[in-house]
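Novice: Just so it is clear, I am handing over final10.txt, which has compact mmCIF, C-alpha atoms.
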```txt
# COMPACT_ATOMS: atom_id res chain seq x y z
CA MET C 1 12.72 11.91 10.59
CA SER C 2 9.54 11.59 12.63
CA ILE C 3 5.92 11.52 11.56
CA ASN C 4 4.33 14.90 11.02
CA PRO C 5 1.56 15.14 13.68
CA ASP C 6 -0.36 17.59 11.49
CA LEU C 7 -1.21 14.79 9.06
CA GLN C 8 -4.45 14.02 10.92
CA GLY C 9 -7.38 15.56 9.10
CA ARG C 10 -5.44 16.03 5.89
CA SER C 11 -7.22 15.09 2.64
CA TYR C 12 -6.01 14.52 -0.87
CA PRO C 13 -8.70 15.14 -3.51
CA ALA C 14 -9.60 12.50 -6.11
CA GLY C 15 -6.49 11.74 -8.15
CA PRO C 16 -6.05 10.42 -11.67
CA VAL C 17 -8.54 7.94 -13.14
CA TYR C 18 -7.73 4.24 -12.71
CA GLU C 19 -9.20 2.23 -15.56
CA VAL C 20 -9.97 -1.37 -14.56
CA GLY C 21 -8.73 -3.71 -17.30
CA ARG C 22 -9.68 -7.34 -17.92
CA GLU C 23 -6.06 -8.48 -17.97
CA LYS C 24 -5.37 -6.68 -14.67
CA ILE C 25 -8.31 -8.49 -13.07
CA ARG C 26 -7.00 -11.82 -14.37
CA GLU C 27 -3.46 -11.00 -13.21
CA PHE C 28 -4.61 -9.92 -9.74
CA ALA C 29 -6.88 -12.95 -9.38
CA LEU C 30 -3.96 -15.27 -10.21
CA ALA C 31 -1.75 -13.41 -7.73
CA VAL C 32 -4.20 -14.01 -4.85
CA LYS C 33 -4.78 -17.57 -6.07
CA ALA C 34 -8.47 -16.90 -6.79
CA THR C 35 -10.01 -19.44 -9.13
CA ASN C 36 -13.63 -18.30 -9.57
CA PRO C 37 -14.39 -18.23 -13.33
CA ALA C 38 -16.05 -14.81 -12.94
CA HIS C 39 -12.51 -13.32 -12.65
CA PHE C 40 -11.33 -14.92 -15.89
CA ASP C 41 -14.25 -15.55 -18.22
CA VAL C 42 -16.61 -12.73 -19.28
CA ALA C 43 -19.50 -15.13 -19.95
CA ALA C 44 -19.13 -16.65 -16.46
CA ALA C 45 -19.20 -13.16 -14.90
CA GLN C 46 -22.27 -12.23 -16.92
CA GLU C 47 -24.00 -15.42 -15.83
CA LEU C 48 -23.71 -14.09 -12.25
CA GLY C 49 -25.25 -10.80 -13.37
CA HIS C 50 -22.06 -8.72 -13.73
CA ALA C 51 -21.54 -6.50 -16.77
CA ASP C 52 -17.97 -7.68 -17.35
CA LEU C 53 -15.13 -9.56 -15.60
CA LEU C 54 -15.57 -9.30 -11.84
CA ALA C 55 -12.69 -8.05 -9.68
CA PRO C 56 -11.77 -10.14 -6.59
CA PRO C 57 -12.95 -8.75 -3.20
CA THR C 58 -9.58 -7.10 -2.40
CA PHE C 59 -8.87 -5.68 -5.87
CA ALA C 60 -9.68 -2.15 -4.66
CA ILE C 61 -6.37 -2.23 -2.74
CA ILE C 62 -4.66 -1.26 -6.01
CA VAL C 63 -6.60 1.98 -6.13
CA ALA C 64 -6.43 2.48 -2.35
CA GLN C 65 -2.65 2.04 -2.17
CA ARG C 66 -2.14 4.44 -5.08
CA ALA C 67 -4.07 6.94 -2.99
CA ASP C 68 -2.01 6.05 0.12
CA ALA C 69 1.16 6.56 -1.93
CA ARG C 70 0.28 10.21 -2.32
CA LEU C 71 0.57 10.49 1.47
CA ILE C 72 3.60 8.22 1.89
CA GLU C 73 5.51 9.95 -0.92
CA ASP C 74 4.53 13.40 0.31
CA SER C 75 7.86 14.81 1.52
CA THR C 76 6.08 16.62 4.37
CA SER C 77 4.66 13.37 5.88
CA GLY C 78 7.93 12.02 7.32
CA ILE C 79 7.06 8.39 6.44
CA ASP C 80 9.89 5.92 5.63
CA PHE C 81 8.26 3.31 3.34
CA SER C 82 10.63 0.49 4.35
CA ARG C 83 9.47 0.93 7.97
CA VAL C 84 5.79 0.74 7.02
CA VAL C 85 3.88 -2.35 8.14
CA HIS C 86 0.23 -2.86 7.23
CA ALA C 87 -1.78 -3.13 10.47
CA GLU C 88 -5.46 -3.13 9.45
CA GLN C 89 -7.52 -3.18 6.27
CA ARG C 90 -11.20 -3.01 5.51
CA PHE C 91 -13.16 -2.95 2.26
CA THR C 92 -16.77 -1.84 2.11
CA HIS C 93 -18.15 -2.41 -1.37
CA HIS C 94 -21.03 -0.21 -2.47
CA ARG C 95 -21.17 -2.25 -5.68
CA PRO C 96 -18.87 -4.85 -7.27
CA ILE C 97 -15.92 -3.60 -9.36
CA VAL C 98 -15.89 -4.85 -12.95
CA ALA C 99 -13.66 -4.46 -15.99
CA GLY C 100 -14.24 -1.18 -17.76
CA ASP C 101 -14.81 0.76 -14.54
CA LYS C 102 -13.13 4.13 -14.36
CA LEU C 103 -12.31 4.79 -10.71
CA VAL C 104 -10.95 7.70 -8.72
CA ALA C 105 -10.03 7.83 -5.03
CA ALA C 106 -10.00 10.67 -2.55
CA LEU C 107 -7.81 10.02 0.50
CA HIS C 108 -8.53 11.11 4.04
CA VAL C 109 -6.13 10.82 6.98
CA ASP C 110 -8.56 9.96 9.77
CA ALA C 111 -6.14 9.44 12.67
CA VAL C 112 -2.47 9.62 13.61
CA ARG C 113 -1.46 8.05 16.92
CA ALA C 114 2.06 7.93 18.37
CA MET C 115 3.16 4.33 19.02
CA GLY C 116 6.49 4.08 20.79
CA GLY C 117 8.96 5.81 18.50
CA GLY C 118 6.66 5.36 15.52
CA ALA C 119 3.07 6.09 14.59
CA MET C 120 -0.15 4.38 13.55
CA ILE C 121 -1.79 6.19 10.66
CA SER C 122 -5.41 5.47 9.71
CA THR C 123 -6.47 6.42 6.20
CA ARG C 124 -9.72 6.13 4.28
CA ALA C 125 -10.04 6.07 0.51
CA GLU C 126 -13.43 6.96 -0.93
CA ILE C 127 -13.45 5.25 -4.30
CA THR C 128 -16.02 6.46 -6.79
CA SER C 129 -16.65 6.16 -10.50
CA SER C 130 -15.26 9.07 -12.50
CA ASP C 131 -18.90 10.29 -12.54
CA GLY C 132 -18.86 10.44 -8.74
CA ASP C 133 -20.99 7.37 -7.94
CA PRO C 134 -19.81 5.51 -4.79
CA VAL C 135 -18.03 2.22 -5.53
CA ALA C 136 -16.05 1.30 -2.40
CA THR C 137 -14.76 2.72 0.85
CA THR C 138 -11.44 1.30 1.99
CA ARG C 139 -9.95 1.86 5.42
CA SER C 140 -6.35 1.15 6.20
CA ALA C 141 -4.07 1.47 9.20
CA ILE C 142 -0.33 1.48 8.68
CA LEU C 143 2.26 1.28 11.42
CA VAL C 144 5.38 3.26 10.74
CA ARG C 145 7.83 1.51 13.06
CA GLY C 146 10.28 3.61 15.03
CA GLU C 147 13.89 2.52 15.52
CA GLY C 148 14.04 -0.83 17.37
CA GLN C 149 10.29 -1.49 16.86
CA MET U 150 -27.93 -20.84 -0.98
CA ASP U 151 -30.92 -20.84 1.36
CA PHE U 152 -30.60 -18.32 4.20
CA SER U 153 -32.78 -20.43 6.52
CA SER U 154 -30.31 -23.32 6.22
CA LEU U 155 -27.51 -21.24 7.79
CA ALA U 156 -26.63 -21.33 11.48
CA ILE U 157 -24.18 -19.44 13.64
CA GLY U 158 -21.17 -21.61 14.37
CA GLN U 159 -21.53 -23.56 11.12
CA GLU U 160 -18.20 -24.17 9.36
CA ILE U 161 -18.21 -23.11 5.69
CA GLY U 162 -14.94 -24.86 4.85
CA SER U 163 -11.18 -24.78 5.22
CA CYS U 164 -8.15 -24.61 2.97
CA THR U 165 -4.36 -24.31 2.94
CA ILE U 166 -2.56 -21.66 0.90
CA ASN U 167 1.05 -22.17 -0.12
CA VAL U 168 3.13 -19.01 -0.47
CA SER U 169 6.61 -18.92 -2.00
CA ARG U 170 8.99 -16.05 -2.80
CA ALA U 171 7.77 -16.31 -6.41
CA ASP U 172 4.18 -15.78 -5.19
CA LEU U 173 5.29 -12.59 -3.41
CA VAL U 174 6.97 -11.24 -6.55
CA ARG U 175 3.82 -12.04 -8.51
CA TYR U 176 1.64 -10.32 -5.91
CA ALA U 177 3.95 -7.28 -5.85
CA GLY U 178 3.63 -6.92 -9.62
CA ALA U 179 -0.12 -7.50 -9.73
CA SER U 180 -0.91 -5.13 -6.86
CA GLY U 181 1.77 -2.50 -7.40
CA ASP U 182 2.99 -2.92 -3.79
CA PHE U 183 6.77 -2.96 -4.23
CA ASN U 184 7.78 -2.54 -0.61
CA PRO U 185 11.21 -4.29 -0.65
CA ILE U 186 10.53 -6.09 2.65
CA HIS U 187 8.43 -8.48 0.54
CA PHE U 188 11.28 -9.56 -1.75
CA ASN U 189 14.62 -8.27 -0.44
CA GLU U 190 16.11 -10.22 2.50
CA ARG U 191 18.82 -7.61 3.17
CA ILE U 192 16.39 -4.71 3.46
CA ALA U 193 13.91 -6.79 5.49
CA ARG U 194 16.64 -7.62 8.04
CA ASP U 195 17.93 -4.04 8.01
CA VAL U 196 14.54 -2.93 9.35
CA GLU U 197 14.62 -5.68 12.03
CA LEU U 198 12.19 -8.10 10.39
CA PRO U 199 12.91 -11.85 10.62
CA GLY U 200 13.42 -11.90 6.84
CA VAL U 201 11.23 -11.47 3.79
CA ILE U 202 7.56 -11.43 4.85
CA ALA U 203 4.37 -11.90 2.84
CA HIS U 204 2.28 -8.87 1.96
CA GLY U 205 -0.55 -8.75 4.50
CA MET U 206 -2.75 -8.10 1.49
CA PHE U 207 -1.59 -11.34 -0.14
CA THR U 208 -2.79 -13.23 2.91
CA MET U 209 -6.03 -11.25 3.15
CA GLY U 210 -6.69 -11.59 -0.58
CA ALA U 211 -5.97 -15.30 -0.71
CA ALA U 212 -7.92 -16.14 2.47
CA VAL U 213 -11.19 -14.68 1.14
CA GLN U 214 -11.20 -17.22 -1.68
CA LEU U 215 -12.81 -19.65 0.75
CA VAL U 216 -15.69 -17.19 1.22
CA SER U 217 -16.00 -16.42 -2.51
CA ASP U 218 -16.25 -20.13 -3.29
CA TRP U 219 -18.84 -20.66 -0.58
CA ALA U 220 -20.92 -17.67 -1.74
CA GLY U 221 -20.64 -18.75 -5.39
CA ASP U 222 -20.38 -15.11 -6.46
CA PRO U 223 -17.28 -13.19 -5.25
CA GLY U 224 -19.36 -10.04 -5.84
CA ALA U 225 -21.52 -11.07 -2.88
CA VAL U 226 -18.70 -10.14 -0.47
CA LEU U 227 -20.02 -6.76 0.68
CA ASP U 228 -17.53 -6.02 3.44
CA TYR U 229 -14.22 -7.60 4.37
CA GLN U 230 -11.86 -6.55 7.13
CA THR U 231 -8.91 -7.78 9.12
CA ARG U 232 -6.08 -6.85 11.41
CA PHE U 233 -2.60 -8.04 10.57
CA THR U 234 -1.17 -9.16 13.88
CA ARG U 235 1.87 -11.18 12.95
CA PRO U 236 3.98 -11.26 9.80
CA VAL U 237 4.20 -14.41 7.69
CA PRO U 238 7.92 -15.04 7.07
CA VAL U 239 8.45 -16.69 3.68
CA PRO U 240 11.69 -18.68 3.64
CA ASP U 241 13.77 -18.94 0.46
CA THR U 242 12.80 -22.57 -0.13
CA ASP U 243 10.71 -24.31 -2.77
CA ALA U 244 7.91 -24.95 -0.27
CA GLY U 245 7.86 -21.41 1.17
CA ALA U 246 5.25 -20.95 3.91
CA GLN U 247 1.79 -22.40 4.49
CA ILE U 248 -1.27 -20.46 5.57
CA ALA U 249 -4.29 -22.33 6.96
CA VAL U 250 -7.79 -20.84 6.68
CA VAL U 251 -11.00 -21.94 8.42
CA GLY U 252 -14.32 -20.13 7.98
CA VAL U 253 -17.22 -20.19 10.43
CA ILE U 254 -20.51 -18.28 10.34
CA GLY U 255 -20.21 -15.68 13.11
CA ALA U 256 -23.44 -13.72 12.64
CA LEU U 257 -26.62 -13.73 10.57
CA ASP U 258 -28.81 -10.77 9.64
CA ALA U 259 -32.17 -11.98 8.33
CA GLU U 260 -33.39 -8.46 7.50
CA GLN U 261 -30.40 -7.73 5.26
CA SER U 262 -30.06 -11.38 4.22
CA THR U 263 -26.37 -11.31 5.06
CA ALA U 264 -24.04 -13.72 6.81
CA ARG U 265 -20.79 -12.76 8.53
CA VAL U 266 -18.08 -15.32 8.00
CA ASP U 267 -15.28 -15.24 10.58
CA LEU U 268 -11.97 -16.53 9.26
CA THR U 269 -9.28 -18.10 11.42
CA VAL U 270 -6.02 -17.65 9.54
CA THR U 271 -2.82 -19.20 10.88
CA SER U 272 0.72 -19.89 9.72
CA GLY U 273 3.12 -22.10 11.63
CA GLY U 274 0.37 -22.59 14.23
CA GLN U 275 0.08 -18.88 15.03
CA LYS U 276 -2.71 -16.47 14.13
CA VAL U 277 -1.59 -14.06 11.43
CA LEU U 278 -4.94 -12.35 10.86
CA VAL U 279 -7.24 -11.30 13.68
CA LYS U 280 -10.87 -10.21 13.36
CA ALA U 281 -10.87 -11.38 9.75
CA GLN U 282 -14.55 -11.01 8.90
CA ALA U 283 -16.40 -11.06 5.60
CA VAL U 284 -20.03 -10.02 5.26
CA VAL U 285 -21.73 -11.90 2.44
CA LYS U 286 -25.07 -11.20 0.74
CA VAL U 287 -26.99 -14.45 0.68
CA ALA U 288 -29.04 -14.60 -2.51
```
For the structure just supplied, provide its representation as structure tokens.
Specialist:
Amino acid sequence: MSINPDLQGRSYPAGPVYEVGREKIREFALAVKATNPAHFDVAAAQELGHADLLAPPTFAIIVAQRADARLIEDSTSGIDFSRVVHAEQRFTHHRPIVAGDKLVAALHVDAVRAMGGGAMISTRAEITSSDGDPVATTRSAILVRGEGQ
Amino acid sequence: MDFSSLAIGQEIGSCTINVSRADLVRYAGASGDFNPIHFNERIARDVELPGVIAHGMFTMGAAVQLVSDWAGDPGAVLDYQTRFTRPVPVPDTDAGAQIAVVGVIGALDAEQSTARVDLTVTSGGQKVLVKAQAVVKVA
């Protein structure tokens, strides 16, 4: 099955709320081998001026990839997940993410380009608090490899 | 950190990250990215990869640690981007793979009081991230 060229311009509205938990921040920090105390110790985070445990700089990928999954799992997209390779990623933080945040993400498909037998798909997740305040913008490009790519 | 003490070309530090199959399973669980190419050799080879490869986001997430440590506050990383140019194959051995990271100041913005740190990230002597750049607010 090939990539649906009509994906470009498609948007998925803000999905379910993602609640940022302290243990998730600690677990993610361990997984990326981050050691800064602000990810593990509330008092250390507060000493830096954060309200609660601070998420590592790439933590928003959890929320962004949940948003991407809505596209990848959309049966009309034509994307085979096992042929997906991450090509580019960018995080623009409007403010740091801390434990207790309630986040939602709206997904936008900014570009779809044919690449050999596959396609490069550029998406953007606008992550906001559940009240609508901007938190982060993440941009991602995934390469869906064609056969033999 | 004093902004006036910073200069373009200045090295902020370097580090080596070890990544094993167990690290990939841990990252998969923590991030929710369960693409089987990051833990299943058979599926990875079926889709013409050299074997199990690290999540690009593991590499990106681990590499920025150098910048977080330098900044003192990981919340000072305002913007962080990269391209994933080459996969990091992680062999089924105790040692796994090694990723080397070097950070150099690539740009300074006095008005915004920000520094752009350019990361050179290699594994097995080859660049695995390209245009890996983190913009840091200098307090």
Novice: Give me the residues of chain U that have any atom at most 7 Å from an atom of chain C; for each, the nearest atom pair and the distance in Å, rounded to one decimal. Use all atoms listed in the file, sort by chain and number, and format it as CSV.
Specialist:
```
residue,atom,partner,partner_atom,distance
U:Asp172,CA,C:Ala31,CA,6.9
U:Arg175,CA,C:Ala31,CA,5.8
U:Tyr176,CA,C:Ala31,CA,4.9
U:Ala179,CA,C:Phe28,CA,5.1
U:Ser180,CA,C:Ile62,CA,5.5
U:Gly181,CA,C:Ile62,CA,6.7
U:Asn184,CA,C:Ser82,CA,6.5
U:Pro185,CA,C:Ser82,CA,6.9
U:Ile186,CA,C:Ser82,CA,6.8
U:Val196,CA,C:Arg83,CA,6.5
U:Gly205,CA,C:His86,CA,6.5
U:Phe207,CA,C:Val32,CA,6.0
U:Gly210,CA,C:Val32,CA,5.5
U:Ala211,CA,C:Val32,CA,4.7
U:Gln214,CA,C:Ala34,CA,5.8
U:Asp222,CA,C:Leu48,CA,6.8
U:Pro223,CA,C:Pro56,CA,6.4
U:Gly224,CA,C:Pro96,CA,5.4
U:Val226,CA,C:Pro57,CA,6.5
U:Leu227,CA,C:His93,CA,5.2
U:Asp228,CA,C:Thr92,CA,4.5
U:Tyr229,CA,C:Phe91,CA,5.2
U:Gln230,CA,C:Arg90,CA,3.9
U:Thr231,CA,C:Gln89,CA,5.6
U:Arg232,CA,C:Glu88,CA,4.3
U:Phe233,CA,C:Ala87,CA,5.0
U:Thr234,CA,C:Ala87,CA,7.0
```
Novice: Between CA of Arg235 in chain U and CA of Ala249 in chain U, what is the spacing in Å?
Specialist: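 One can read the CA of Ala249 in chain U to CA of Arg235 in chain U distance as 14.1 Å.
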Novice: What does the distance from CA of Glu190 in chain U to CA of Lys276 in chain U come to in Å, to one decimal?
Specialist: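 These two atoms are separated by 23.0 Å.
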Novice: Between CA of Arg194 in chain U and CA of Ala119 in chain C, measure the distance and give it in Å to one decimal.
Specialist: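 It comes out at 20.4 Å.
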Novice: Restricting the calculation to all atoms listed in the file: of U:Ile202, U:Ile248, U:Ala225, U:Cys164, which residue gets closest to Lys286 in chain U?
Specialist: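 For Lys286 in chain U, the nearest of the given residues is U:Ala225.
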Novice: Near Ser163 in chain U, counting all atoms listed in the file, which residues have an atom at most 8 Å away, once you skip same-chain residues fewer than 6 positions from it, shown as a tab-separated table (two decimals) with C-alpha atoms, keeping the file's coordinate frame?
Specialist:
```tsv
chain	number	residue	atom	x	y	z
U	215	LEU	CA	-12.81	-19.65	0.75
U	249	ALA	CA	-4.29	-22.33	6.96
U	250	VAL	CA	-7.79	-20.84	6.68
U	251	VAL	CA	-11.00	-21.94	8.42
U	252	GLY	CA	-14.32	-20.13	7.98
```
Novice: So that I can see what lies close to Ala259 in chain U, please list as JSON, numbers by chain the residues with an atom at most 10 Å from it, counting only C-alpha atoms and leaving out residues fewer than 2 positions away in the same chain.
Specialist: {"U": [152, 153, 256, 257, 261, 262, 263, 264, 287]}
Novice: Near Val266 in chain U, within 8 Å and counting all atoms listed in the file, which residues show up once chain neighbours fewer than 3 positions away are dropped, as an NGL selection string?
Specialist: :U and (216 or 252-256 or 282-285)
Novice: Could you add the missing atoms to range 245-273 of chain U, up to N, CA and C atoms, and return them as a PDB file, keeping the file's coordinate frame?
Specialist:
```pdb
ATOM      1  N   GLY U 245       8.288 -22.698   0.625  1.00  0.00           N
ATOM      2  CA  GLY U 245       7.860 -21.410   1.170  1.00  0.00           C
ATOM      3  C   GLY U 245       7.156 -21.574   2.500  1.00  0.00           C
ATOM      4  N   ALA U 246       6.017 -20.874   2.664  1.00  0.00           N
ATOM      5  CA  ALA U 246       5.250 -20.950   3.910  1.00  0.00           C
ATOM      6  C   ALA U 246       3.840 -21.450   3.602  1.00  0.00           C
ATOM      7  N   GLN U 247       3.170 -21.941   4.642  1.00  0.00           N
ATOM      8  CA  GLN U 247       1.790 -22.400   4.490  1.00  0.00           C
ATOM      9  C   GLN U 247       0.886 -21.562   5.384  1.00  0.00           C
ATOM     10  N   ILE U 248      -0.272 -21.240   4.836  1.00  0.00           N
ATOM     11  CA  ILE U 248      -1.270 -20.460   5.570  1.00  0.00           C
ATOM     12  C   ILE U 248      -2.556 -21.296   5.614  1.00  0.00           C
ATOM     13  N   ALA U 249      -3.077 -21.522   6.815  1.00  0.00           N
ATOM     14  CA  ALA U 249      -4.290 -22.330   6.960  1.00  0.00           C
ATOM     15  C   ALA U 249      -5.481 -21.409   7.234  1.00  0.00           C
ATOM     16  N   VAL U 250      -6.593 -21.684   6.571  1.00  0.00           N
ATOM     17  CA  VAL U 250      -7.790 -20.840   6.680  1.00  0.00           C
ATOM     18  C   VAL U 250      -8.998 -21.713   7.039  1.00  0.00           C
ATOM     19  N   VAL U 251      -9.749 -21.279   8.067  1.00  0.00           N
ATOM     20  CA  VAL U 251     -11.000 -21.940   8.420  1.00  0.00           C
ATOM     21  C   VAL U 251     -12.069 -20.861   8.521  1.00  0.00           C
ATOM     22  N   GLY U 252     -13.231 -21.112   7.937  1.00  0.00           N
ATOM     23  CA  GLY U 252     -14.320 -20.130   7.980  1.00  0.00           C
ATOM     24  C   GLY U 252     -15.519 -20.660   8.733  1.00  0.00           C
ATOM     25  N   VAL U 253     -16.060 -19.805   9.619  1.00  0.00           N
ATOM     26  CA  VAL U 253     -17.220 -20.190  10.430  1.00  0.00           C
ATOM     27  C   VAL U 253     -18.221 -19.029  10.383  1.00  0.00           C
ATOM     28  N   ILE U 254     -19.499 -19.338  10.323  1.00  0.00           N
ATOM     29  CA  ILE U 254     -20.510 -18.280  10.340  1.00  0.00           C
ATOM     30  C   ILE U 254     -20.557 -17.669  11.750  1.00  0.00           C
ATOM     31  N   GLY U 255     -20.290 -16.366  11.818  1.00  0.00           N
ATOM     32  CA  GLY U 255     -20.210 -15.680  13.110  1.00  0.00           C
ATOM     33  C   GLY U 255     -21.450 -14.886  13.434  1.00  0.00           C
ATOM     34  N   ALA U 256     -22.219 -14.508  12.414  1.00  0.00           N
ATOM     35  CA  ALA U 256     -23.440 -13.720  12.640  1.00  0.00           C
ATOM     36  C   ALA U 256     -24.336 -13.835  11.417  1.00  0.00           C
ATOM     37  N   LEU U 257     -25.640 -13.690  11.653  1.00  0.00           N
ATOM     38  CA  LEU U 257     -26.620 -13.730  10.570  1.00  0.00           C
ATOM     39  C   LEU U 257     -27.553 -12.536  10.733  1.00  0.00           C
ATOM     40  N   ASP U 258     -27.880 -11.882   9.618  1.00  0.00           N
ATOM     41  CA  ASP U 258     -28.810 -10.770   9.640  1.00  0.00           C
ATOM     42  C   ASP U 258     -29.929 -11.090   8.653  1.00  0.00           C
ATOM     43  N   ALA U 259     -31.074 -11.530   9.190  1.00  0.00           N
ATOM     44  CA  ALA U 259     -32.170 -11.980   8.330  1.00  0.00           C
ATOM     45  C   ALA U 259     -32.763 -10.811   7.533  1.00  0.00           C
ATOM     46  N   GLU U 260     -32.801  -9.624   8.165  1.00  0.00           N
ATOM     47  CA  GLU U 260     -33.390  -8.460   7.500  1.00  0.00           C
ATOM     48  C   GLU U 260     -32.608  -8.076   6.248  1.00  0.00           C
ATOM     49  N   GLN U 261     -31.271  -8.082   6.389  1.00  0.00           N
ATOM     50  CA  GLN U 261     -30.400  -7.730   5.260  1.00  0.00           C
ATOM     51  C   GLN U 261     -30.078  -8.938   4.390  1.00  0.00           C
ATOM     52  N   SER U 262     -30.436 -10.129   4.882  1.00  0.00           N
ATOM     53  CA  SER U 262     -30.060 -11.380   4.220  1.00  0.00           C
ATOM     54  C   SER U 262     -28.544 -11.458   4.018  1.00  0.00           C
ATOM     55  N   THR U 263     -27.831 -11.209   5.110  1.00  0.00           N
ATOM     56  CA  THR U 263     -26.370 -11.310   5.060  1.00  0.00           C
ATOM     57  C   THR U 263     -25.868 -12.264   6.132  1.00  0.00           C
ATOM     58  N   ALA U 264     -24.729 -12.866   5.844  1.00  0.00           N
ATOM     59  CA  ALA U 264     -24.040 -13.720   6.810  1.00  0.00           C
ATOM     60  C   ALA U 264     -22.639 -13.173   7.012  1.00  0.00           C
ATOM     61  N   ARG U 265     -22.181 -13.152   8.257  1.00  0.00           N
ATOM     62  CA  ARG U 265     -20.790 -12.760   8.530  1.00  0.00           C
ATOM     63  C   ARG U 265     -19.977 -14.023   8.715  1.00  0.00           C
ATOM     64  N   VAL U 266     -18.958 -14.171   7.880  1.00  0.00           N
ATOM     65  CA  VAL U 266     -18.080 -15.320   8.000  1.00  0.00           C
ATOM     66  C   VAL U 266     -16.809 -14.872   8.732  1.00  0.00           C
ATOM     67  N   ASP U 267     -16.490 -15.551   9.822  1.00  0.00           N
ATOM     68  CA  ASP U 267     -15.280 -15.240  10.580  1.00  0.00           C
ATOM     69  C   ASP U 267     -14.194 -16.225  10.166  1.00  0.00           C
ATOM     70  N   LEU U 268     -13.061 -15.687   9.739  1.00  0.00           N
ATOM     71  CA  LEU U 268     -11.970 -16.530   9.260  1.00  0.00           C
ATOM     72  C   LEU U 268     -10.888 -16.648  10.331  1.00  0.00           C
ATOM     73  N   THR U 269     -10.452 -17.872  10.575  1.00  0.00           N
ATOM     74  CA  THR U 269      -9.280 -18.100  11.420  1.00  0.00           C
ATOM     75  C   THR U 269      -8.128 -18.400  10.472  1.00  0.00           C
ATOM     76  N   VAL U 270      -7.113 -17.552  10.510  1.00  0.00           N
ATOM     77  CA  VAL U 270      -6.020 -17.650   9.540  1.00  0.00           C
ATOM     78  C   VAL U 270      -4.702 -17.782  10.306  1.00  0.00           C
ATOM     79  N   THR U 271      -4.038 -18.927  10.119  1.00  0.00           N
ATOM     80  CA  THR U 271      -2.820 -19.200  10.880  1.00  0.00           C
ATOM     81  C   THR U 271      -1.681 -19.598   9.940  1.00  0.00           C
ATOM     82  N   SER U 272      -0.459 -19.394  10.430  1.00  0.00           N
ATOM     83  CA  SER U 272       0.720 -19.890   9.720  1.00  0.00           C
ATOM     84  C   SER U 272       1.699 -20.363  10.791  1.00  0.00           C
ATOM     85  N   GLY U 273       2.226 -21.541  10.621  1.00  0.00           N
ATOM     86  CA  GLY U 273       3.120 -22.100  11.630  1.00  0.00           C
ATOM     87  C   GLY U 273       2.446 -22.207  12.985  1.00  0.00           C
TER      88      GLY U 273
END
```
